[in-house]
file protein.cif (mmCIF, C-alpha atoms)
data_coords
#
loop_
_atom_site.label_atom_id
_atom_site.label_comp_id
_atom_site.auth_asym_id
_atom_site.auth_seq_id
_atom_site.Cartn_x
_atom_site.Cartn_y
_atom_site.Cartn_z
CA MET A 14 103.63 97.25 91.74
CA THR A 15 103.84 97.57 95.50
CA ASP A 16 101.83 95.36 97.79
CA PRO A 17 98.35 96.80 98.29
CA ARG A 18 97.64 98.44 101.64
CA LEU A 19 94.42 99.83 103.07
CA ALA A 20 94.04 102.38 105.87
CA LEU A 21 90.75 103.03 107.64
CA VAL A 22 90.48 106.64 108.80
CA PHE A 23 87.80 107.82 111.22
CA ASP A 24 87.31 111.52 111.87
CA ASP A 25 86.64 113.64 114.94
CA GLY A 26 87.31 111.19 117.78
CA TYR A 27 83.78 110.04 118.45
CA ARG A 28 83.02 107.86 121.49
CA SER A 29 81.96 105.09 119.11
CA ASP A 30 85.59 104.84 117.97
CA PHE A 31 86.31 103.44 121.43
CA ASP A 32 83.06 101.69 122.26
CA MET A 33 82.21 100.19 118.86
CA LEU A 34 85.25 100.13 116.57
CA ARG A 35 87.89 99.27 119.15
CA PRO A 36 86.44 95.85 120.11
CA ALA A 37 85.39 95.06 116.55
CA LEU A 38 88.86 95.75 115.17
CA ALA A 39 90.53 93.98 118.09
CA ASP A 40 88.70 90.81 117.09
CA LEU A 41 90.08 91.28 113.57
CA ASP A 42 93.57 92.33 114.77
CA ALA A 43 93.28 95.38 112.52
CA PRO A 44 94.34 98.99 113.24
CA MET A 45 92.48 102.19 112.54
CA THR A 46 93.69 105.74 112.03
CA LEU A 47 91.98 108.49 114.01
CA ALA A 48 91.81 112.13 112.87
CA ILE A 49 91.65 114.10 116.12
CA VAL A 50 90.82 117.67 117.14
CA PRO A 51 92.48 117.87 120.57
CA GLY A 52 90.03 120.42 121.96
CA TRP A 53 87.12 118.06 121.36
CA LEU A 54 88.53 115.28 123.54
CA GLY A 55 86.30 114.68 126.53
CA GLY A 56 83.41 116.56 124.98
CA GLU A 57 79.90 115.24 124.46
CA ASP A 58 79.95 112.05 122.35
CA HIS A 59 83.76 112.18 122.07
CA ILE A 60 86.53 110.05 123.55
CA THR A 61 88.70 111.33 126.38
CA ALA A 62 92.44 111.97 126.24
CA ASP A 63 93.03 108.83 128.33
CA GLU A 64 90.98 106.73 125.94
CA LEU A 65 92.93 108.13 123.00
CA ALA A 66 96.14 107.15 124.78
CA THR A 67 94.75 103.63 125.22
CA LEU A 68 93.92 103.40 121.53
CA ALA A 69 97.39 104.59 120.57
CA ALA A 70 99.00 102.08 122.91
CA GLU A 71 97.00 99.33 121.20
CA GLY A 72 98.45 100.25 117.80
CA HIS A 73 95.92 102.67 116.39
CA GLU A 74 97.31 105.80 114.75
CA VAL A 75 96.57 109.40 115.77
CA LEU A 76 96.41 112.05 113.04
CA SER A 77 95.95 115.78 113.36
CA HIS A 78 92.55 117.08 112.26
CA GLY A 79 93.34 120.69 113.03
CA ARG A 80 93.30 122.93 116.05
CA ARG A 81 89.68 124.08 115.86
CA HIS A 82 88.30 122.12 112.89
CA ARG A 83 88.40 125.25 110.74
CA TYR A 84 87.25 125.26 107.15
CA LEU A 85 90.47 126.02 105.24
CA GLY A 86 89.03 126.20 101.73
CA THR A 87 87.80 129.32 99.95
CA HIS A 88 84.31 130.79 100.22
CA ARG A 89 83.02 132.18 96.94
CA VAL A 90 81.39 135.60 97.12
CA THR A 91 77.82 135.21 95.80
CA ALA A 92 76.56 138.81 95.92
CA ASP A 93 78.42 141.95 94.84
CA ALA A 94 80.22 143.61 97.76
CA SER A 95 81.05 147.30 97.65
CA ALA A 96 83.37 149.63 99.50
CA GLY A 97 81.83 150.44 102.85
CA ASP A 98 80.09 147.08 103.27
CA ARG A 99 80.80 145.07 106.37
CA ARG A 100 78.73 142.07 105.31
CA VAL A 101 79.65 139.65 102.53
CA THR A 102 77.34 136.89 101.25
CA LEU A 103 79.07 133.58 100.54
CA ASP A 104 78.33 130.15 99.11
CA ASN A 105 78.84 127.57 101.88
CA HIS A 106 80.56 126.24 104.98
CA VAL A 107 80.00 129.27 107.17
CA PHE A 108 77.09 127.56 108.99
CA PRO A 109 75.86 130.42 111.22
CA ASP A 110 74.44 128.08 113.87
CA ASP A 111 77.51 125.82 114.14
CA ASP A 112 80.22 126.27 116.75
CA HIS A 113 83.05 125.22 114.43
CA GLY A 114 84.27 125.64 110.86
CA VAL A 115 84.39 129.44 110.89
CA TYR A 116 85.32 131.38 114.04
CA VAL A 117 84.64 134.92 115.16
CA GLY A 118 87.97 136.67 115.71
CA ASP A 119 89.80 134.82 112.92
CA THR A 120 91.34 136.84 110.11
CA TYR A 121 90.25 136.40 106.51
CA GLU A 122 91.28 137.79 103.16
CA ILE A 123 88.83 138.97 100.54
CA THR A 124 90.36 138.98 97.07
CA ASN A 125 89.43 139.03 93.40
CA GLY A 126 92.90 137.95 92.31
CA GLU A 127 94.12 141.52 91.86
CA ASP A 128 92.98 143.41 94.94
CA ALA A 129 93.02 141.93 98.43
CA GLU A 130 92.47 143.10 101.99
CA THR A 131 92.56 141.46 105.41
CA LEU A 132 89.51 141.52 107.67
CA THR A 133 88.57 140.10 111.08
CA LEU A 134 85.35 138.14 111.39
CA ALA A 135 82.89 139.76 113.81
CA GLU A 136 79.79 137.58 113.34
CA LYS A 137 78.25 134.75 111.33
CA LEU A 138 74.82 135.61 109.93
CA GLY A 139 72.30 134.47 107.34
CA THR A 140 71.36 130.83 106.81
CA ASP A 141 73.20 127.65 105.93
CA ASP A 142 72.00 128.11 102.33
CA GLU A 143 72.99 131.78 102.18
CA PRO A 144 75.58 132.48 104.86
CA ILE A 145 76.98 135.93 105.57
CA MET A 146 80.24 136.99 107.16
CA GLU A 147 80.15 140.29 109.00
CA PHE A 148 83.56 141.86 109.56
CA GLU A 149 84.77 144.23 112.26
CA THR A 150 85.62 146.89 109.68
CA ALA A 151 84.19 147.77 106.28
CA ILE A 152 85.83 146.59 103.10
CA SER A 153 87.59 149.28 101.10
CA GLY A 154 87.17 147.90 97.57
CA ASP A 155 84.52 146.48 95.28
CA TYR A 156 84.24 142.71 94.77
CA THR A 157 82.09 141.07 92.11
CA ALA A 158 79.97 137.99 92.80
CA GLY A 159 81.44 134.88 91.24
CA GLU A 160 84.86 136.45 90.77
CA ALA A 161 85.91 137.06 94.37
CA VAL A 162 86.53 134.81 97.36
CA VAL A 163 86.94 135.05 101.09
CA ARG A 164 89.64 132.76 102.44
CA PRO A 165 91.58 132.26 105.67
CA THR A 166 94.74 134.31 106.01
CA MET A 167 98.08 132.55 106.35
CA ALA A 168 97.98 133.33 110.08
CA THR A 169 94.69 131.43 110.44
CA ILE A 170 95.96 128.57 108.29
CA GLU A 171 99.19 128.21 110.25
CA ASP A 172 97.40 128.30 113.60
CA GLU A 173 95.10 125.49 112.45
CA ILE A 174 97.77 123.25 110.92
CA VAL A 175 100.94 124.05 112.87
CA GLY A 176 99.58 125.64 116.05
CA VAL A 177 97.73 122.45 116.93
CA ARG A 178 101.12 120.88 117.63
CA GLU A 179 101.13 122.64 121.00
CA GLU A 180 97.96 120.85 122.07
CA PHE A 181 99.19 117.47 120.86
CA ASP A 182 102.48 118.03 122.69
CA ASP A 183 100.55 118.62 125.90
CA LEU A 184 98.75 115.31 125.33
CA GLY A 185 101.97 113.43 124.58
CA PHE A 186 101.33 112.86 120.86
CA ASP A 187 103.36 113.77 117.79
CA PRO A 188 101.13 113.14 114.75
CA THR A 189 102.92 112.57 111.45
CA GLY A 190 99.77 112.90 109.34
CA PHE A 191 97.03 115.47 108.74
CA VAL A 192 93.44 115.38 107.53
CA PHE A 193 91.91 118.69 106.50
CA PRO A 194 88.68 119.52 108.32
CA TYR A 195 85.78 119.06 105.90
CA ASP A 196 88.39 117.69 103.45
CA ALA A 197 88.68 121.34 102.36
CA THR A 198 91.88 123.14 101.47
CA ASP A 199 93.57 125.34 98.92
CA PRO A 200 97.18 125.37 97.64
CA ARG A 201 98.36 127.69 100.44
CA ALA A 202 97.05 125.43 103.18
CA TRP A 203 98.27 122.34 101.34
CA ASP A 204 101.80 123.78 101.19
CA VAL A 205 101.82 124.42 104.94
CA ALA A 206 100.53 120.94 105.76
CA SER A 207 102.97 119.29 103.34
CA GLU A 208 105.87 120.98 105.09
CA GLU A 209 104.61 120.04 108.55
CA TYR A 210 103.40 116.43 108.07
CA ASP A 211 104.55 113.28 106.30
CA THR A 212 101.11 112.13 105.15
CA ILE A 213 97.92 113.90 104.11
CA ALA A 214 94.66 112.09 103.40
CA ASN A 215 92.07 114.30 101.77
CA ALA A 216 88.84 113.33 100.06
CA GLY A 217 88.41 113.33 96.29
CA VAL A 218 85.07 112.98 94.58
CA ARG A 219 84.60 109.31 93.65
CA SER A 220 88.23 108.79 94.55
CA LEU A 221 90.12 105.68 93.48
CA PRO A 222 93.00 104.06 95.39
CA ASN A 223 96.36 105.85 95.28
CA PRO A 224 98.70 104.18 92.76
CA ALA A 225 102.18 103.15 93.83
CA GLY A 226 104.50 106.14 93.79
CA THR A 227 101.88 108.69 94.81
CA LEU A 228 103.37 111.18 97.26
CA PRO A 229 102.04 110.46 100.77
CA THR A 230 101.24 114.17 101.11
CA ASN A 231 98.96 113.86 98.08
CA TRP A 232 96.96 110.80 99.08
CA ARG A 233 93.24 110.76 98.38
CA ARG A 234 90.63 109.01 100.43
CA TYR A 235 87.08 107.95 99.79
CA TYR A 236 84.27 107.01 102.15
CA LEU A 237 83.20 103.56 103.25
CA GLN A 238 79.93 105.06 104.48
CA THR A 239 76.75 103.45 103.19
CA SER A 240 75.69 106.90 102.00
CA HIS A 241 78.67 107.04 99.63
CA GLN A 242 79.30 103.49 98.44
CA THR A 243 77.18 100.41 97.99
CA ARG A 244 78.79 97.09 98.79
CA PRO A 245 79.43 96.32 95.07
CA GLU A 246 81.10 99.72 94.69
CA LEU A 247 83.22 99.12 97.76
CA ALA A 248 84.17 95.69 96.42
CA ALA A 249 85.19 97.28 93.11
CA TYR A 250 87.38 99.78 94.99
CA LEU A 251 89.13 96.92 96.78
CA ASP A 252 89.47 94.95 93.53
CA THR A 253 91.23 97.91 91.94
CA LEU A 254 93.52 98.29 94.93
CA ALA A 255 94.40 94.59 94.87
CA GLU A 256 95.14 94.69 91.14
CA GLN A 257 97.20 97.89 90.99
CA GLY A 258 98.84 97.94 94.42
CA GLY A 259 99.47 101.19 96.24
CA VAL A 260 97.47 102.66 99.08
CA GLY A 261 93.72 102.72 99.56
CA ILE A 262 92.17 104.99 102.17
CA LEU A 263 88.57 104.56 103.26
CA ALA A 264 87.11 106.98 105.76
CA GLY A 265 84.04 107.66 107.82
CA HIS A 266 82.54 109.08 111.00
CA SER A 267 81.80 106.19 113.34
CA ASP A 268 79.05 108.12 115.11
CA TRP A 269 77.01 108.34 111.92
CA GLU A 270 74.38 105.76 111.03
CA SER A 271 76.08 105.40 107.64
CA VAL A 272 79.07 103.69 109.33
CA PRO A 273 77.59 100.62 111.02
CA GLU A 274 79.93 98.16 112.70
CA GLU A 275 79.13 95.48 110.15
CA ARG A 276 80.27 97.73 107.29
CA VAL A 277 83.69 98.18 108.90
CA ILE A 278 84.04 94.45 109.63
CA TRP A 279 83.00 93.57 106.09
CA THR A 280 85.55 96.00 104.65
CA VAL A 281 88.45 94.53 106.64
CA GLU A 282 87.49 90.96 105.77
CA ALA A 283 86.94 91.79 102.10
CA ALA A 284 90.31 93.51 101.91
CA ARG A 285 92.14 90.55 103.40
CA GLU A 286 90.36 88.13 101.10
CA ARG A 287 91.99 90.09 98.26
CA GLY A 288 95.47 90.01 99.80
CA ILE A 289 95.31 93.64 100.96
CA GLU A 290 97.09 94.51 104.20
CA VAL A 291 95.06 96.67 106.58
CA THR A 292 97.45 99.14 108.14
CA THR A 293 97.88 102.76 109.26
CA LEU A 294 98.88 105.74 107.14
CA HIS A 295 102.26 105.99 108.86
CA GLU A 296 103.05 102.34 108.21
CA ALA A 297 101.79 102.60 104.63
CA ALA A 298 104.09 105.54 103.99
CA GLU A 299 107.12 103.64 105.23
CA ARG A 300 106.77 100.92 102.60
#

call {"tool": "encode", "arguments": {"input": "protein.cif", "output": "structure tokens"}}
result
Amino acid sequence: MTDPRLALVFDDGYRSDFDMLRPALADLDAPMTLAIVPGWLGGEDHITADELATLAAEGHEVLSHGRRHRYLGTHRVTADASAGDRRVTLDNHVFPDDDHGVYVGDTYEITNGEDAETLTLAEKLGTDDEPIMEFETAISGDYTAGEAVVRPTMATIEDEIVGVREEFDDLGFDPTGFVFPYDATDPRAWDVASEEYDTIANAGVRSLPNPAGTLPTNWRRYYLQTSHQTRPELAAYLDTLAEQGGVGILAGHSDWESVPEERVIWTVEAARERGIEVTTLHEAAER
């Protein structure tokens, strides 16, 4: 058994990372790990590049959270699509009214496992419950609902995972870890990220801590948010980590009401009471 370690990962670079979590964790002498989309720095409710540099200088880790926070998983086709159609109805994560996740101009592949073709997204339509992708050109084949998917092409995947390096270089950072936007991926995206980064922390449903020996590119995380775990459930997670060793990863979005300051403080104190070291992903991977 390896000594138990716990990393706290906070997504998206919210201003509350700096204003709320920074002083709270300084009092506890505990680091956090920040999953950052470079293009969001300095935006509304987000930290600036200078503030991120301050956090890094104080010992907090910077991870890559993608170039544009693209959804890199597959979208299941939910209505039959026929040759000549430009619109395809999907299951989720297109979010027509959102300015991230899915981007006009990106290339996608529609495939049923046998036939496949590449298309460029022209517009997001429909509703969040029944989103529609409209492509610049019509599809040439027939695709059956429930048996076909629309997914990012390798060019889109590589721009999101590898291309973001350019923006981090400009900021003076060289992240060694990656968190998939929306915790969504598929084997193609996972392969790219595993080649590019040393650690990957991606959510699993009701995830448990990662046992000793788990590849750092296959680490799972779960949420410390009050919407996902009660305090007894969080305590049980930490008990398991303390007993089995390995790496626990608890995540959240500090701007959300479900991540109050007291929940983060309680988690750090409860971990240390159990002999668990609170660290960063990079440091955890080096053990």

call {"tool": "residues_near_point", "arguments": {"input": "protein.cif", "point": "(83.7, 105.1, 118.1)", "cutoff": "12 Å", "atoms": "only C-alpha atoms", "output": "NGL selection string"}}
result
:A and (22-38 or 45-48 or 58-61 or 64-65 or 68 or 265-270 or 272-274 or 277)

call {"tool": "residues_near_point", "arguments": {"input": "protein.cif", "point": "(93.0, 132.8, 117.4)", "cutoff": "9 Å", "atoms": "only C-alpha atoms", "output": "list in words"}}
result
Tyr116, Val117, Gly118, Asp119, Thr120, Ala168, Thr169 and Asp172 of chain A

call {"tool": "residues_around", "arguments": {"input": "protein.cif", "residues": "Arg285 (chain A)", "least_positions_apart": "3", "cutoff": "12 Å", "atoms": "only C-alpha atoms", "output": "CSV table (one decimal) with C-alpha atoms, in the frame of the given file"}}
result
chain,number,residue,atom,x,y,z
A,17,PRO,CA,98.4,96.8,98.3
A,18,ARG,CA,97.6,98.4,101.6
A,19,LEU,CA,94.4,99.8,103.1
A,41,LEU,CA,90.1,91.3,113.6
A,42,ASP,CA,93.6,92.3,114.8
A,43,ALA,CA,93.3,95.4,112.5
A,248,ALA,CA,84.2,95.7,96.4
A,251,LEU,CA,89.1,96.9,96.8
A,252,ASP,CA,89.5,95.0,93.5
A,254,LEU,CA,93.5,98.3,94.9
A,255,ALA,CA,94.4,94.6,94.9
A,278,ILE,CA,84.0,94.4,109.6
A,279,TRP,CA,83.0,93.6,106.1
A,280,THR,CA,85.6,96.0,104.6
A,281,VAL,CA,88.4,94.5,106.6
A,282,GLU,CA,87.5,91.0,105.8
A,288,GLY,CA,95.5,90.0,99.8
A,289,ILE,CA,95.3,93.6,101.0
A,290,GLU,CA,97.1,94.5,104.2
A,291,VAL,CA,95.1,96.7,106.6
A,292,THR,CA,97.4,99.1,108.1

call {"tool": "atom_distance", "arguments": {"input": "protein.cif", "atom1": "CA of Asp104 (chain A)", "atom2": "CA of Leu85 (chain A)"}}
result
14.2 Å

call {"tool": "resolve_selection", "arguments": {"input": "protein.cif", "expression": "the PyMOL selection byres ((chain A and resi 152) around 7)", "output": "ChimeraX atom specification"}}
result
/A:96-99,150-151,153-154

call {"tool": "resolve_selection", "arguments": {"input": "protein.cif", "expression": "the PyMOL selection byres ((chain A and resi 234) around 7)", "output": "list in words"}}
result
Ala214, Asn215, Ala216, Gly217, Ser220, Trp232, Arg233, Tyr235, Tyr236, Ile262, Leu263 and Ala264 of chain A

call {"tool": "write_last_selection", "arguments": {"input": "protein.cif", "atoms": "C-alpha atoms", "output": "mmCIF file, in the coordinates of the input"}}
result
data_model
loop_
_atom_site.group_PDB
_atom_site.id
_atom_site.type_symbol
_atom_site.label_atom_id
_atom_site.label_comp_id
_atom_site.auth_asym_id
_atom_site.auth_seq_id
_atom_site.Cartn_x
_atom_site.Cartn_y
_atom_site.Cartn_z
ATOM 1 C CA ALA A 214 94.660 112.090 103.400
ATOM 2 C CA ASN A 215 92.070 114.300 101.770
ATOM 3 C CA ALA A 216 88.840 113.330 100.060
ATOM 4 C CA GLY A 217 88.410 113.330 96.290
ATOM 5 C CA SER A 220 88.230 108.790 94.550
ATOM 6 C CA TRP A 232 96.960 110.800 99.080
ATOM 7 C CA ARG A 233 93.240 110.760 98.380
ATOM 8 C CA TYR A 235 87.080 107.950 99.790
ATOM 9 C CA TYR A 236 84.270 107.010 102.150
ATOM 10 C CA ILE A 262 92.170 104.990 102.170
ATOM 11 C CA LEU A 263 88.570 104.560 103.260
ATOM 12 C CA ALA A 264 87.110 106.980 105.760
#

call {"tool": "residues_around", "arguments": {"input": "protein.cif", "residues": "His106 (chain A)", "least_positions_apart": "3", "cutoff": "10 Å", "atoms": "only C-alpha atoms", "output": "ChimeraX atom specification"}}
result
/A:83-88,103,109,111,113-115,141-144,195,197

call {"tool": "closest_residue", "arguments": {"input": "protein.cif", "among": "A:Arg276, A:His82, A:Lys137, A:Arg164", "to": "Val107 (chain A)", "atoms": "only C-alpha atoms"}}
result
A:Lys137

call {"tool": "residues_around", "arguments": {"input": "protein.cif", "residues": "Thr253 (chain A)", "least_positions_apart": "6", "cutoff": "10 Å", "atoms": "all atoms listed in the file", "output": "VMD selection string"}}
result
chain A and resid 17 221 to 222 224 247 259 261

call {"tool": "closest_residue", "arguments": {"input": "protein.cif", "among": "A:Asp155, A:Asp63, A:Glu171, A:Glu299", "to": "Asp211 (chain A)", "atoms": "all atoms listed in the file"}}
result
A:Glu299

call {"tool": "atom_distance", "arguments": {"input": "protein.cif", "atom1": "CA of Val90 (chain A)", "atom2": "CA of Ala158 (chain A)"}}
result
5.1 Å

call {"tool": "closest_residue", "arguments": {"input": "protein.cif", "among": "A:Met167, A:Ala249, A:Ala94, A:Leu184", "to": "Ala66 (chain A)", "atoms": "all atoms listed in the file"}}
result
A:Leu184

call {"tool": "residues_around", "arguments": {"input": "protein.cif", "residues": "Gly79 (chain A)", "least_positions_apart": "3", "cutoff": "8 Å", "atoms": "all atoms listed in the file", "output": "number ranges by chain"}}
result
A: 49-50, 82-83, 173-174, 177, 191-194

call {"tool": "atom_distance", "arguments": {"input": "protein.cif", "atom1": "CA of Gln238 (chain A)", "atom2": "CA of Glu275 (chain A)"}}
result
11.2 Å

call {"tool": "residues_around", "arguments": {"input": "protein.cif", "residues": "Pro51 (chain A)", "least_positions_apart": "5", "cutoff": "8 Å", "atoms": "all atoms listed in the file", "output": "JSON, numbers by chain"}}
result
{"A": [80, 177, 180, 181]}

call {"tool": "closest_residue", "arguments": {"input": "protein.cif", "among": "A:Tyr210, A:Tyr250, A:Phe108, A:Phe148", "to": "Tyr121 (chain A)", "atoms": "only C-alpha atoms"}}
result
A:Phe148

call {"tool": "closest_residue", "arguments": {"input": "protein.cif", "among": "A:Asp199, A:Asp204, A:Glu127, A:Asp110", "to": "Gly139 (chain A)", "atoms": "all atoms listed in the file"}}
result
A:Asp110

call {"tool": "closest_residue", "arguments": {"input": "protein.cif", "among": "A:Val205, A:Ala161, A:Ala129, A:Pro245", "to": "Gly176 (chain A)", "atoms": "all atoms listed in the file"}}
result
A:Val205

call {"tool": "resolve_selection", "arguments": {"input": "protein.cif", "expression": "the PyMOL selection byres ((chain A and resi 294) around 8)", "output": "VMD selection string"}}
result
chain A and resid 20 46 74 190 212 292 to 293 295 to 298

call {"tool": "decode", "arguments": {"input": "protein.cif", "residues": "region 128-225 of chain A", "atoms": "C-alpha atoms", "output": "PDB file, in the first residue's frame"}}
result
ATOM      1  CA  ASP A 128     -19.961   4.264 -42.871  1.00  0.00           C
ATOM      2  CA  ALA A 129     -18.506   7.622 -41.869  1.00  0.00           C
ATOM      3  CA  GLU A 130     -18.218  11.106 -43.318  1.00  0.00           C
ATOM      4  CA  THR A 131     -16.709  14.383 -42.167  1.00  0.00           C
ATOM      5  CA  LEU A 132     -18.849  17.502 -41.855  1.00  0.00           C
ATOM      6  CA  THR A 133     -18.342  21.096 -40.691  1.00  0.00           C
ATOM      7  CA  LEU A 134     -20.742  22.529 -38.139  1.00  0.00           C
ATOM      8  CA  ALA A 135     -22.671  25.530 -39.478  1.00  0.00           C
ATOM      9  CA  GLU A 136     -25.146  26.196 -36.654  1.00  0.00           C
ATOM     10  CA  LYS A 137     -26.493  24.922 -33.339  1.00  0.00           C
ATOM     11  CA  LEU A 138     -30.288  24.669 -33.267  1.00  0.00           C
ATOM     12  CA  GLY A 139     -33.124  23.087 -31.314  1.00  0.00           C
ATOM     13  CA  THR A 140     -33.279  23.064 -27.516  1.00  0.00           C
ATOM     14  CA  ASP A 141     -31.076  21.793 -24.719  1.00  0.00           C
ATOM     15  CA  ASP A 142     -33.385  18.757 -24.474  1.00  0.00           C
ATOM     16  CA  GLU A 143     -33.410  18.117 -28.222  1.00  0.00           C
ATOM     17  CA  PRO A 144     -30.370  19.777 -29.779  1.00  0.00           C
ATOM     18  CA  ILE A 145     -29.701  19.836 -33.508  1.00  0.00           C
ATOM     19  CA  MET A 146     -26.468  20.233 -35.424  1.00  0.00           C
ATOM     20  CA  GLU A 147     -26.783  21.849 -38.828  1.00  0.00           C
ATOM     21  CA  PHE A 148     -23.848  21.202 -41.138  1.00  0.00           C
ATOM     22  CA  GLU A 149     -22.483  23.248 -44.028  1.00  0.00           C
ATOM     23  CA  THR A 150     -23.120  20.408 -46.471  1.00  0.00           C
ATOM     24  CA  ALA A 151     -25.680  17.616 -46.609  1.00  0.00           C
ATOM     25  CA  ILE A 152     -24.851  14.131 -45.425  1.00  0.00           C
ATOM     26  CA  SER A 153     -24.480  11.543 -48.165  1.00  0.00           C
ATOM     27  CA  GLY A 154     -25.607   8.417 -46.305  1.00  0.00           C
ATOM     28  CA  ASP A 155     -28.402   7.176 -44.092  1.00  0.00           C
ATOM     29  CA  TYR A 156     -27.909   6.955 -40.313  1.00  0.00           C
ATOM     30  CA  THR A 157     -30.301   5.224 -37.939  1.00  0.00           C
ATOM     31  CA  ALA A 158     -31.300   6.705 -34.587  1.00  0.00           C
ATOM     32  CA  GLY A 159     -29.674   4.902 -31.691  1.00  0.00           C
ATOM     33  CA  GLU A 160     -27.038   3.276 -33.892  1.00  0.00           C
ATOM     34  CA  ALA A 161     -25.128   6.315 -35.145  1.00  0.00           C
ATOM     35  CA  VAL A 162     -23.111   9.045 -33.453  1.00  0.00           C
ATOM     36  CA  VAL A 163     -21.657  12.430 -34.230  1.00  0.00           C
ATOM     37  CA  ARG A 164     -18.209  12.938 -32.751  1.00  0.00           C
ATOM     38  CA  PRO A 165     -15.319  15.390 -33.069  1.00  0.00           C
ATOM     39  CA  THR A 166     -12.794  14.587 -35.769  1.00  0.00           C
ATOM     40  CA  MET A 167      -9.191  13.923 -34.824  1.00  0.00           C
ATOM     41  CA  ALA A 168      -8.340  17.441 -36.013  1.00  0.00           C
ATOM     42  CA  THR A 169     -10.806  18.936 -33.515  1.00  0.00           C
ATOM     43  CA  ILE A 170      -9.597  16.627 -30.743  1.00  0.00           C
ATOM     44  CA  GLU A 171      -5.943  17.453 -31.323  1.00  0.00           C
ATOM     45  CA  ASP A 172      -6.596  21.189 -31.443  1.00  0.00           C
ATOM     46  CA  GLU A 173      -8.386  20.987 -28.088  1.00  0.00           C
ATOM     47  CA  ILE A 174      -5.851  18.779 -26.300  1.00  0.00           C
ATOM     48  CA  VAL A 175      -2.528  19.560 -27.983  1.00  0.00           C
ATOM     49  CA  GLY A 176      -3.202  22.932 -29.622  1.00  0.00           C
ATOM     50  CA  VAL A 177      -3.879  24.520 -26.246  1.00  0.00           C
ATOM     51  CA  ARG A 178      -0.157  24.158 -25.532  1.00  0.00           C
ATOM     52  CA  GLU A 179       0.443  27.259 -27.651  1.00  0.00           C
ATOM     53  CA  GLU A 180      -1.725  29.373 -25.370  1.00  0.00           C
ATOM     54  CA  PHE A 181      -0.143  27.995 -22.205  1.00  0.00           C
ATOM     55  CA  ASP A 182       3.310  28.636 -23.672  1.00  0.00           C
ATOM     56  CA  ASP A 183       2.368  32.269 -24.220  1.00  0.00           C
ATOM     57  CA  LEU A 184       1.333  32.467 -20.559  1.00  0.00           C
ATOM     58  CA  GLY A 185       4.524  30.800 -19.338  1.00  0.00           C
ATOM     59  CA  PHE A 186       2.945  27.525 -18.197  1.00  0.00           C
ATOM     60  CA  ASP A 187       3.668  23.922 -19.137  1.00  0.00           C
ATOM     61  CA  PRO A 188       0.840  21.799 -17.674  1.00  0.00           C
ATOM     62  CA  THR A 189       1.624  18.128 -17.100  1.00  0.00           C
ATOM     63  CA  GLY A 190      -2.001  17.137 -16.498  1.00  0.00           C
ATOM     64  CA  PHE A 191      -5.325  17.330 -18.327  1.00  0.00           C
ATOM     65  CA  VAL A 192      -8.981  17.358 -17.328  1.00  0.00           C
ATOM     66  CA  PHE A 193     -11.500  16.716 -20.089  1.00  0.00           C
ATOM     67  CA  PRO A 194     -14.124  19.441 -20.431  1.00  0.00           C
ATOM     68  CA  TYR A 195     -17.423  18.110 -19.062  1.00  0.00           C
ATOM     69  CA  ASP A 196     -15.428  15.019 -18.001  1.00  0.00           C
ATOM     70  CA  ALA A 197     -16.367  13.719 -21.465  1.00  0.00           C
ATOM     71  CA  THR A 198     -14.119  11.754 -23.780  1.00  0.00           C
ATOM     72  CA  ASP A 199     -13.862   8.697 -25.968  1.00  0.00           C
ATOM     73  CA  PRO A 200     -10.930   6.322 -26.611  1.00  0.00           C
ATOM     74  CA  ARG A 201      -9.552   8.470 -29.447  1.00  0.00           C
ATOM     75  CA  ALA A 202      -9.389  11.595 -27.307  1.00  0.00           C
ATOM     76  CA  TRP A 203      -8.077   9.612 -24.355  1.00  0.00           C
ATOM     77  CA  ASP A 204      -5.214   8.256 -26.483  1.00  0.00           C
ATOM     78  CA  VAL A 205      -4.216  11.766 -27.558  1.00  0.00           C
ATOM     79  CA  ALA A 206      -4.316  13.123 -24.014  1.00  0.00           C
ATOM     80  CA  SER A 207      -2.404  10.131 -22.637  1.00  0.00           C
ATOM     81  CA  GLU A 208       0.395  10.762 -25.107  1.00  0.00           C
ATOM     82  CA  GLU A 209       0.510  14.489 -24.353  1.00  0.00           C
ATOM     83  CA  TYR A 210       0.115  14.598 -20.538  1.00  0.00           C
ATOM     84  CA  ASP A 211       1.399  12.704 -17.515  1.00  0.00           C
ATOM     85  CA  THR A 212      -1.846  12.787 -15.521  1.00  0.00           C
ATOM     86  CA  ILE A 213      -5.530  12.746 -16.433  1.00  0.00           C
ATOM     87  CA  ALA A 214      -8.313  13.212 -13.898  1.00  0.00           C
ATOM     88  CA  ASN A 215     -11.724  12.404 -15.293  1.00  0.00           C
ATOM     89  CA  ALA A 216     -14.990  11.872 -13.455  1.00  0.00           C
ATOM     90  CA  GLY A 217     -16.526   8.453 -12.904  1.00  0.00           C
ATOM     91  CA  VAL A 218     -20.040   7.931 -11.645  1.00  0.00           C
ATOM     92  CA  ARG A 219     -19.875   7.374  -7.875  1.00  0.00           C
ATOM     93  CA  SER A 220     -16.127   7.085  -8.248  1.00  0.00           C
ATOM     94  CA  LEU A 221     -13.958   5.612  -5.505  1.00  0.00           C
ATOM     95  CA  PRO A 222     -10.337   6.566  -4.785  1.00  0.00           C
ATOM     96  CA  ASN A 223      -7.705   5.282  -7.221  1.00  0.00           C
ATOM     97  CA  PRO A 224      -5.905   2.229  -5.796  1.00  0.00           C
ATOM     98  CA  ALA A 225      -2.127   2.163  -5.663  1.00  0.00           C
TER      99      ALA A 225
END
